[in-house]
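Asker: Could you have a look at this structure, given as structure tokens, before my questions?
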Amino acid sequence: MALTPRWSQLLDQLRPRWRVTLTPWTVATLIVVALVLLPIASILLGVLAGGSETWDHLASTVLGLYVRNSVILVFWVGGLTLLAGVSTAWLVSTCRFPGRSIFEWALILPLAIPTYIIAFTYAEMLGHTGPVQQLLQLVLEPSQTARLRTGLMSVGGAGVMMALVLYPYVYLITRTSFQKQSGGILESSRILGKSPWQTFSTIALPMARPALVAGVTLVLMEVLNEYGAVSYFGVATFTTGIFRAWFSLGDGPAAIRLSACLLVLVFLLIVVERAQRGRARFDSGSRTFRPVVPYELGGWKAAGAFLVCLIPVALGFVFPVLQLLAWALQVWPEAMDPRFLTLALNSFGLATASAFIAVAVAVLIAFSVRLTPTPLLTLSSRAASLGYSIPGAVIAVGVMVPFLWVDRQIASTARDLFGTPLGLILTGTVAALVFAYVVRFLAVALNPVDSGFTRVCGNLDETSRSLGAPPMKTLLRVDLPLLRGTLVSAGLLVFVDVLKELPLTLILRPFDFDTLATRAYQLAADEQLARSALPALLIVAVGVIPVIMLSRIIARQRV
């Protein structure tokens with residue numbers, strides 16, 4: 001059928017924009033992005049393949065429970081992180097009180113503790129032999145103190161544990177937003193007779209809404225990704241359901257459909273976040289901008305601000321770390337054995353390989369977009385970042401399905417040609433695990449690398465190419481030396497995330513292959529909490545490094 005002149009004209013306008021010159025850089029980028037999107041595609045195709053009797057049983061019995069608990073955790077953790085993150089961000093940004101300079105960076109420290117570590121630490125601290133129970137038993141009846149642990153081992157308790165270590169996402173982004181607001185606007189509100197609370201609620205908070213939503217969205221994605229804490233507390237969610245379907249029931253189609261349901265929840269979060277943003281624009285009065293001048297708090301107000309900032313730091317970092325240190329000192333001589341060194345080598349080796357590959361892929365994508373900034377490559381770059389918004393259990397299932405299919409095809413071909421059966425070549429290997437890590441955390445490397453190209457390199461690469469240097473030489477001689485600090489920072493962020501990752505590692509790790517994260521979780525699940533302290537402490541210690549980096553970056557920021 002012939003197109004009308006109007007449609008022909010429209011296609012002629014769009015064709016140059018979406019036309020792609022097939023250079024080696026473009027082809028490599030499109031192949032890499034396709035591989036990154038492979039787990040998502042395998043989940044979607046697996047849903048179309050049909051269900052199973054196990055899926056029908058799960059859908060009729062526990063699917064509603066998974067949805068209910070996941071929704072409760074989303075609202076509960078979202079509310080708690082908003083309360084802690086916004087209140088502390090406002091206080092350290094606009095007020096001056098004792099300890100403020102310490103809280104500016106200390107409030108980020110809980111981010112170094114994975115949720116599963118703080119969960120089993122508090123479960124023991126509030127247990128019958130824990131220090132909290134022993135103190136409470138001096139003033140309360142045993143039946144009353146027992147309710148404390150019972151209340152902790154619930155959906156609400158799991159939500160509190162997550163909020164204690166996830167609120168820094170909201171704190172960091174919201175604090176940056178408050179710092180970028182003009183002090184003149186806030187002072188004008190005070191001059192017009194508004195109280196500090198009215199200025200905060202009617203001026204500062206609405207202006208920071210995009211930051212609030214972005215921070216909470218990150219928190220909720222981590223909530224939906226969580227497995228260790230909810231599993232330890234016996235809370236049924238989609239992630240625990242995926243593990244149960246895959247390992248306990250041995251039903252791949254059921255695990256795929258549960259993964260698809262969780263994927264829908266994640267995309268709903270993203271859609272809601274984009275929809276609320278809409279076309280809204282916020283003007284901080286940059287033409288007359290001057291930084292917010294913190295005002296002095298005294299008396300009970302200063303004491304109140306100090307306590308508001310101290311409580312999340314103490315509960316989210318100080319108390320758990322002190323408990324882990326106490327356990328570690330008990331088992332230090334026998335726990336520092338060759339097996340612990342093997343765990344550390346396994347974890348650091350996986351994290352180093354994944355970080356190196358993720359940074360290399362990020363450089364490839366970002367540089368290709370700079371060479372050929374077409375809509376297709378720009379869209380591909382954004383699609384490559386989807387992995388970070390997808391729970392680790394979903395990515396693990398999405399990686400397992402195509403790898404199993406490839407292994408079966410290879411085994412069938414080998415049997416037909418040589419008459420020799422082959423085992424699994426890709427599935428259950430370190431290569432599959434590293435591939436899944438790169439898919440999951442590519443966005444962690446891509447965002448700073450892309451920002452570094454724009455901020456540091458500027459038009460230098462174009463100047464280099466105009467002088468006759470080919471793209472590869474420009475990248476190696478001009479861009480990479482300038483981006484050295486950015487690449488190290490991006491690699492370190494990926495390194496720490498891989499070190500802490502639990503659900504993805506539990507599903508895809510090779511047989512009899514443990515990491516610090518899996519070993520700490522397994523020992524805690526077996527009630528060997530003292531022995532779990534050393535691997536947990538090492539994870540926390542490494543996790544503090546990017547926290548220090550973040551605090552220094554914020555301290556150097558100038559609007």
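Following the order of the structure tokens, chains are lettered A, B, ..., residues in each are numbered from 1, and ligands are numbered from 1.
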What's around A:Leu111 at 9 Å? Count only C-alpha atoms, leave out sequence neighbours fewer than 6 positions away in its own chain, and write the answer as a list in words.
Answerer: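 The neighbour list is Leu164, Val165, Leu166, Tyr167, Pro168, Tyr169, Gly316, Phe317, Gly543, Val544 and Val547 of chain A.
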Asker: Please, could you write that set of residues out with C-alpha atoms as a PDB file, in the first residue's frame?
Answerer:
ATOM      1  CA  LEU A 164      17.917   1.737  59.185  1.00  0.00           C
ATOM      2  CA  VAL A 165      20.425   1.093  56.393  1.00  0.00           C
ATOM      3  CA  LEU A 166      18.549   2.497  53.370  1.00  0.00           C
ATOM      4  CA  TYR A 167      17.572   5.962  54.626  1.00  0.00           C
ATOM      5  CA  PRO A 168      20.971   7.412  53.484  1.00  0.00           C
ATOM      6  CA  TYR A 169      19.693   7.232  49.887  1.00  0.00           C
ATOM      7  CA  GLY A 316      21.966   1.828  61.795  1.00  0.00           C
ATOM      8  CA  PHE A 317      25.739   1.621  62.248  1.00  0.00           C
ATOM      9  CA  GLY A 543      31.619  -0.716  52.187  1.00  0.00           C
ATOM     10  CA  VAL A 544      32.788   2.264  54.246  1.00  0.00           C
ATOM     11  CA  VAL A 547      30.850   6.227  51.950  1.00  0.00           C
TER      12      VAL A 547
END
Asker: Can you pull out the residues contacting stretch 441-451 of chain A? Cut-off 7 Å, using only C-alpha atoms, and skip same-chain residues under 2 positions away; I want them as a list in words.
Answerer: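 Selected residues are Ala358, Val359, Ala362, Val363, Ala366, Ser385, Gly387, Tyr388, Tyr437, Val438, Val439, Phe453, Thr454, Arg455, Thr486, Leu487, Ala490, Gly491, Leu493 and Val494 of chain A.
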Asker: Write out as a list in words which residues come within 10 Å of A:Leu224 when counting only C-alpha atoms, dropping same-chain ones fewer than 3 positions away.
Answerer: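 Contacts, in chain order: Ser70, Val71, Leu73, Val74, Val219, Leu220, Met221, Tyr227, Thr237, Phe238, Thr239, Leu262, Leu263, Leu265, Val266, Ser389, Ile390, Pro391, Gly392 and Ala393 of chain A.
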Asker: Set the distance at 12 Å and use only C-alpha atoms: which residues neighbour A:Cys95 once local chain neighbours fewer than 2 positions away are removed? I'd like the list as an MDAnalysis selection string.
Answerer: chainID A and resid 87:93 97:101 103:104 178:179 196 292:298 301:302 304:306 309
Asker: Write to file, as a PDB file, in the first residue's frame, the residues of the selection just made, with C-alpha atoms.
Answerer:
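As written to disk, out-v9.pdb reads:
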ATOM      1  CA  SER A  87      14.591  15.360  58.865  1.00  0.00           C
ATOM      2  CA  THR A  88      18.338  14.756  59.150  1.00  0.00           C
ATOM      3  CA  ALA A  89      19.067  16.330  55.752  1.00  0.00           C
ATOM      4  CA  TRP A  90      17.161  19.489  56.723  1.00  0.00           C
ATOM      5  CA  LEU A  91      18.894  19.784  60.090  1.00  0.00           C
ATOM      6  CA  VAL A  92      22.475  19.414  58.817  1.00  0.00           C
ATOM      7  CA  SER A  93      21.787  21.673  55.816  1.00  0.00           C
ATOM      8  CA  PHE A  97      24.167  22.565  66.534  1.00  0.00           C
ATOM      9  CA  PRO A  98      26.745  20.488  68.428  1.00  0.00           C
ATOM     10  CA  GLY A  99      28.032  17.573  66.361  1.00  0.00           C
ATOM     11  CA  ARG A 100      26.670  18.867  63.045  1.00  0.00           C
ATOM     12  CA  SER A 101      30.019  18.565  61.235  1.00  0.00           C
ATOM     13  CA  PHE A 103      26.728  14.004  61.425  1.00  0.00           C
ATOM     14  CA  GLU A 104      27.197  15.389  57.900  1.00  0.00           C
ATOM     15  CA  PHE A 178      18.470  21.585  50.201  1.00  0.00           C
ATOM     16  CA  GLN A 179      22.024  22.860  49.654  1.00  0.00           C
ATOM     17  CA  PRO A 196      10.691  27.548  60.598  1.00  0.00           C
ATOM     18  CA  VAL A 292      21.806  28.847  52.840  1.00  0.00           C
ATOM     19  CA  VAL A 293      23.325  30.294  56.001  1.00  0.00           C
ATOM     20  CA  PRO A 294      22.724  27.801  58.860  1.00  0.00           C
ATOM     21  CA  TYR A 295      21.044  29.375  61.850  1.00  0.00           C
ATOM     22  CA  GLU A 296      22.127  28.629  65.389  1.00  0.00           C
ATOM     23  CA  LEU A 297      20.097  26.285  67.572  1.00  0.00           C
ATOM     24  CA  GLY A 298      20.356  26.464  71.310  1.00  0.00           C
ATOM     25  CA  LYS A 301      16.254  22.649  70.196  1.00  0.00           C
ATOM     26  CA  ALA A 302      19.960  21.907  69.811  1.00  0.00           C
ATOM     27  CA  GLY A 304      16.611  17.676  69.939  1.00  0.00           C
ATOM     28  CA  ALA A 305      18.490  18.129  66.654  1.00  0.00           C
ATOM     29  CA  PHE A 306      21.446  16.205  68.090  1.00  0.00           C
ATOM     30  CA  CYS A 309      20.688  12.825  63.953  1.00  0.00           C
TER      31      CYS A 309
END
Asker: As a list in words, please: the residues near A:Ser231 (cut-off 10 Å, only C-alpha atoms, same-chain neighbours under 2 positions excluded).
Answerer: Tyr116, Ala119, Ala158, Glu226, Tyr227, Gly228, Ala229, Phe233, Gly234, Val235, Ala236, Thr237, Thr239, Thr240, Gly241, Phe243 and Ala525 of chain A
Asker: Would you list the contacts of A:Leu249 as a PyMOL selection string, taking every protein, DNA or RNA residue within 12 Å and counting only C-alpha atoms, but skipping same-chain residues closer than 6 positions in sequence?
Answerer: chain A and resi 52-55+57-58+241-243+255
Asker: Those same residues, written as a CSV table (one decimal), in the first residue's frame with C-alpha atoms?
Answerer:
chain,number,residue,atom,x,y,z
A,52,SER,CA,2.9,-25.3,35.3
A,53,GLU,CA,1.0,-27.0,38.0
A,54,THR,CA,3.3,-25.6,40.6
A,55,TRP,CA,2.6,-22.1,39.3
A,57,HIS,CA,-0.7,-23.8,43.0
A,58,LEU,CA,1.4,-20.9,44.0
A,241,GLY,CA,9.1,-17.1,46.4
A,242,ILE,CA,11.5,-17.2,43.5
A,243,PHE,CA,14.1,-19.1,45.6
A,255,ALA,CA,10.2,-19.0,39.1
Asker: Separation of atom CA of A:Met162 and atom CA of A:Thr115, in Å?
Answerer: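 Those two atoms sit 5.7 Å apart.
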Asker: Determine, using only C-alpha atoms, which residues of stretch 448-546 of chain A have any atom at most 8 Å from an atom of stretch 417-430 of chain A, and tabulate each with its shortest atom pair and distance in Å to one decimal place, rows ordered by chain and then rising number, as JSON lines.
Answerer:
{"residue": "A:Leu508", "atom": "CA", "partner": "A:Gly428", "partner_atom": "CA", "distance": 5.7}
{"residue": "A:Arg509", "atom": "CA", "partner": "A:Gly428", "partner_atom": "CA", "distance": 5.8}
{"residue": "A:Pro510", "atom": "CA", "partner": "A:Gly428", "partner_atom": "CA", "distance": 4.5}
{"residue": "A:Phe511", "atom": "CA", "partner": "A:Gly428", "partner_atom": "CA", "distance": 7.1}
Asker: With C-alpha atoms retained, export the selected residues as a JSON list (two decimals), in the first residue's frame.
Answerer:
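This went into part.json:
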[["chain", "number", "residue", "atom", "x", "y", "z"],
["A", 508, "LEU", "CA", 24.22, -18.52, 40.23],
["A", 509, "ARG", "CA", 27.34, -19.45, 42.23],
["A", 510, "PRO", "CA", 29.19, -22.63, 41.27],
["A", 511, "PHE", "CA", 28.83, -25.70, 43.42]]
Asker: What does the distance from atom CA of A:Leu324 to atom CA of A:Ala530 come to in Å, to one decimal?
Answerer: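 We find that atom CA of A:Leu324 and atom CA of A:Ala530 lie 7.7 Å from each other.
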Asker: How many Å separate atom CA of A:Ile256 from atom CA of A:Asp526?
Answerer: 28.5 Å
Asker: I need the residue nearest A:Val313 from this list: A:Pro253, A:Gly485, A:Pro373, A:Pro110. Use only C-alpha atoms for the distance.
Answerer: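 Going through A:Pro253, A:Gly485, A:Pro373, A:Pro110 one by one, the smallest distance to A:Val313 is for A:Pro110.
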Asker: Could you check the closest approach to A:Leu258 for each of A:Leu499, A:Met161, A:Leu322, A:Ala59 and tell me which residue wins, using only C-alpha atoms?
Answerer: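 Distance minimum relative to A:Leu258 lands on A:Ala59.
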Asker: Name the residues of stretch 355-392 of chain A that come out as alpha helix (DSSP H) in a backbone DSSP run; write them as a ChimeraX atom specification.
Answerer: /A:355-371,375-383,392
Asker: How would the residues just picked look written out with N, CA and C atoms as a tab-separated table (two decimals), in the first residue's frame?
Answerer:
chain	number	residue	atom	x	y	z
A	355	ALA	N	34.04	-5.47	38.30
A	355	ALA	CA	34.25	-4.02	38.24
A	355	ALA	C	35.03	-3.64	36.99
A	356	PHE	N	36.08	-4.41	36.67
A	356	PHE	CA	36.88	-4.10	35.48
A	356	PHE	C	36.04	-4.20	34.21
A	357	ILE	N	35.26	-5.28	34.09
A	357	ILE	CA	34.45	-5.46	32.88
A	357	ILE	C	33.35	-4.41	32.81
A	358	ALA	N	32.71	-4.12	33.94
A	358	ALA	CA	31.63	-3.13	33.94
A	358	ALA	C	32.15	-1.75	33.53
A	359	VAL	N	33.31	-1.36	34.04
A	359	VAL	CA	33.88	-0.06	33.68
A	359	VAL	C	34.29	-0.04	32.21
A	360	ALA	N	34.86	-1.14	31.71
A	360	ALA	CA	35.23	-1.21	30.30
A	360	ALA	C	34.00	-1.10	29.40
A	361	VAL	N	32.94	-1.80	29.75
A	361	VAL	CA	31.70	-1.71	28.97
A	361	VAL	C	31.11	-0.31	29.05
A	362	ALA	N	31.15	0.30	30.21
A	362	ALA	CA	30.64	1.66	30.37
A	362	ALA	C	31.41	2.64	29.50
A	363	VAL	N	32.74	2.49	29.44
A	363	VAL	CA	33.56	3.35	28.58
A	363	VAL	C	33.19	3.14	27.11
A	364	LEU	N	33.00	1.90	26.70
A	364	LEU	CA	32.61	1.59	25.33
A	364	LEU	C	31.30	2.28	24.96
A	365	ILE	N	30.29	2.14	25.82
A	365	ILE	CA	28.98	2.71	25.52
A	365	ILE	C	29.03	4.23	25.51
A	366	ALA	N	29.64	4.81	26.54
A	366	ALA	CA	29.68	6.28	26.63
A	366	ALA	C	30.47	6.88	25.48
A	367	PHE	N	31.59	6.27	25.11
A	367	PHE	CA	32.41	6.81	24.02
A	367	PHE	C	31.71	6.64	22.67
A	368	SER	N	31.00	5.53	22.48
A	368	SER	CA	30.27	5.32	21.23
A	368	SER	C	29.18	6.36	21.05
A	369	VAL	N	28.48	6.68	22.15
A	369	VAL	CA	27.43	7.69	22.06
A	369	VAL	C	28.03	9.05	21.73
A	370	ARG	N	29.22	9.35	22.24
A	370	ARG	CA	29.88	10.62	21.92
A	370	ARG	C	30.32	10.65	20.45
A	371	LEU	N	30.76	9.50	19.94
A	371	LEU	CA	31.17	9.45	18.54
A	371	LEU	C	29.99	9.59	17.59
A	375	PRO	N	19.73	8.97	18.12
A	375	PRO	CA	18.71	8.56	19.09
A	375	PRO	C	18.78	7.08	19.44
A	376	LEU	N	19.14	6.23	18.46
A	376	LEU	CA	19.20	4.79	18.74
A	376	LEU	C	20.28	4.47	19.75
A	377	LEU	N	21.47	5.04	19.60
A	377	LEU	CA	22.54	4.78	20.55
A	377	LEU	C	22.25	5.40	21.91
A	378	THR	N	21.64	6.57	21.91
A	378	THR	CA	21.27	7.20	23.19
A	378	THR	C	20.25	6.34	23.93
A	379	LEU	N	19.26	5.83	23.19
A	379	LEU	CA	18.27	4.94	23.80
A	379	LEU	C	18.92	3.65	24.28
A	380	SER	N	19.86	3.12	23.52
A	380	SER	CA	20.56	1.90	23.92
A	380	SER	C	21.35	2.13	25.21
A	381	SER	N	21.97	3.31	25.31
A	381	SER	CA	22.72	3.63	26.53
A	381	SER	C	21.81	3.64	27.75
A	382	ARG	N	20.62	4.21	27.61
A	382	ARG	CA	19.69	4.23	28.72
A	382	ARG	C	19.17	2.83	29.04
A	383	ALA	N	18.93	2.04	28.00
A	383	ALA	CA	18.44	0.67	28.23
A	383	ALA	C	19.47	-0.17	28.97
A	392	GLY	N	18.09	-8.61	41.97
A	392	GLY	CA	19.11	-9.59	41.64
A	392	GLY	C	18.57	-10.98	41.38
Asker: Tell me which protein, DNA and RNA residues are within 6 Å of stretch 207-218 of chain A, counting only C-alpha atoms, leaving out same-chain ones fewer than 5 positions away, and put them as a ChimeraX atom specification.
Answerer: /A:169-170,173-174,177
Asker: With distances taken over only C-alpha atoms, which residue among A:Leu534, A:Val155, A:Thr26, A:Ile118 lies nearest A:Leu65?
Answerer: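 Nearest to A:Leu65: A:Val155.
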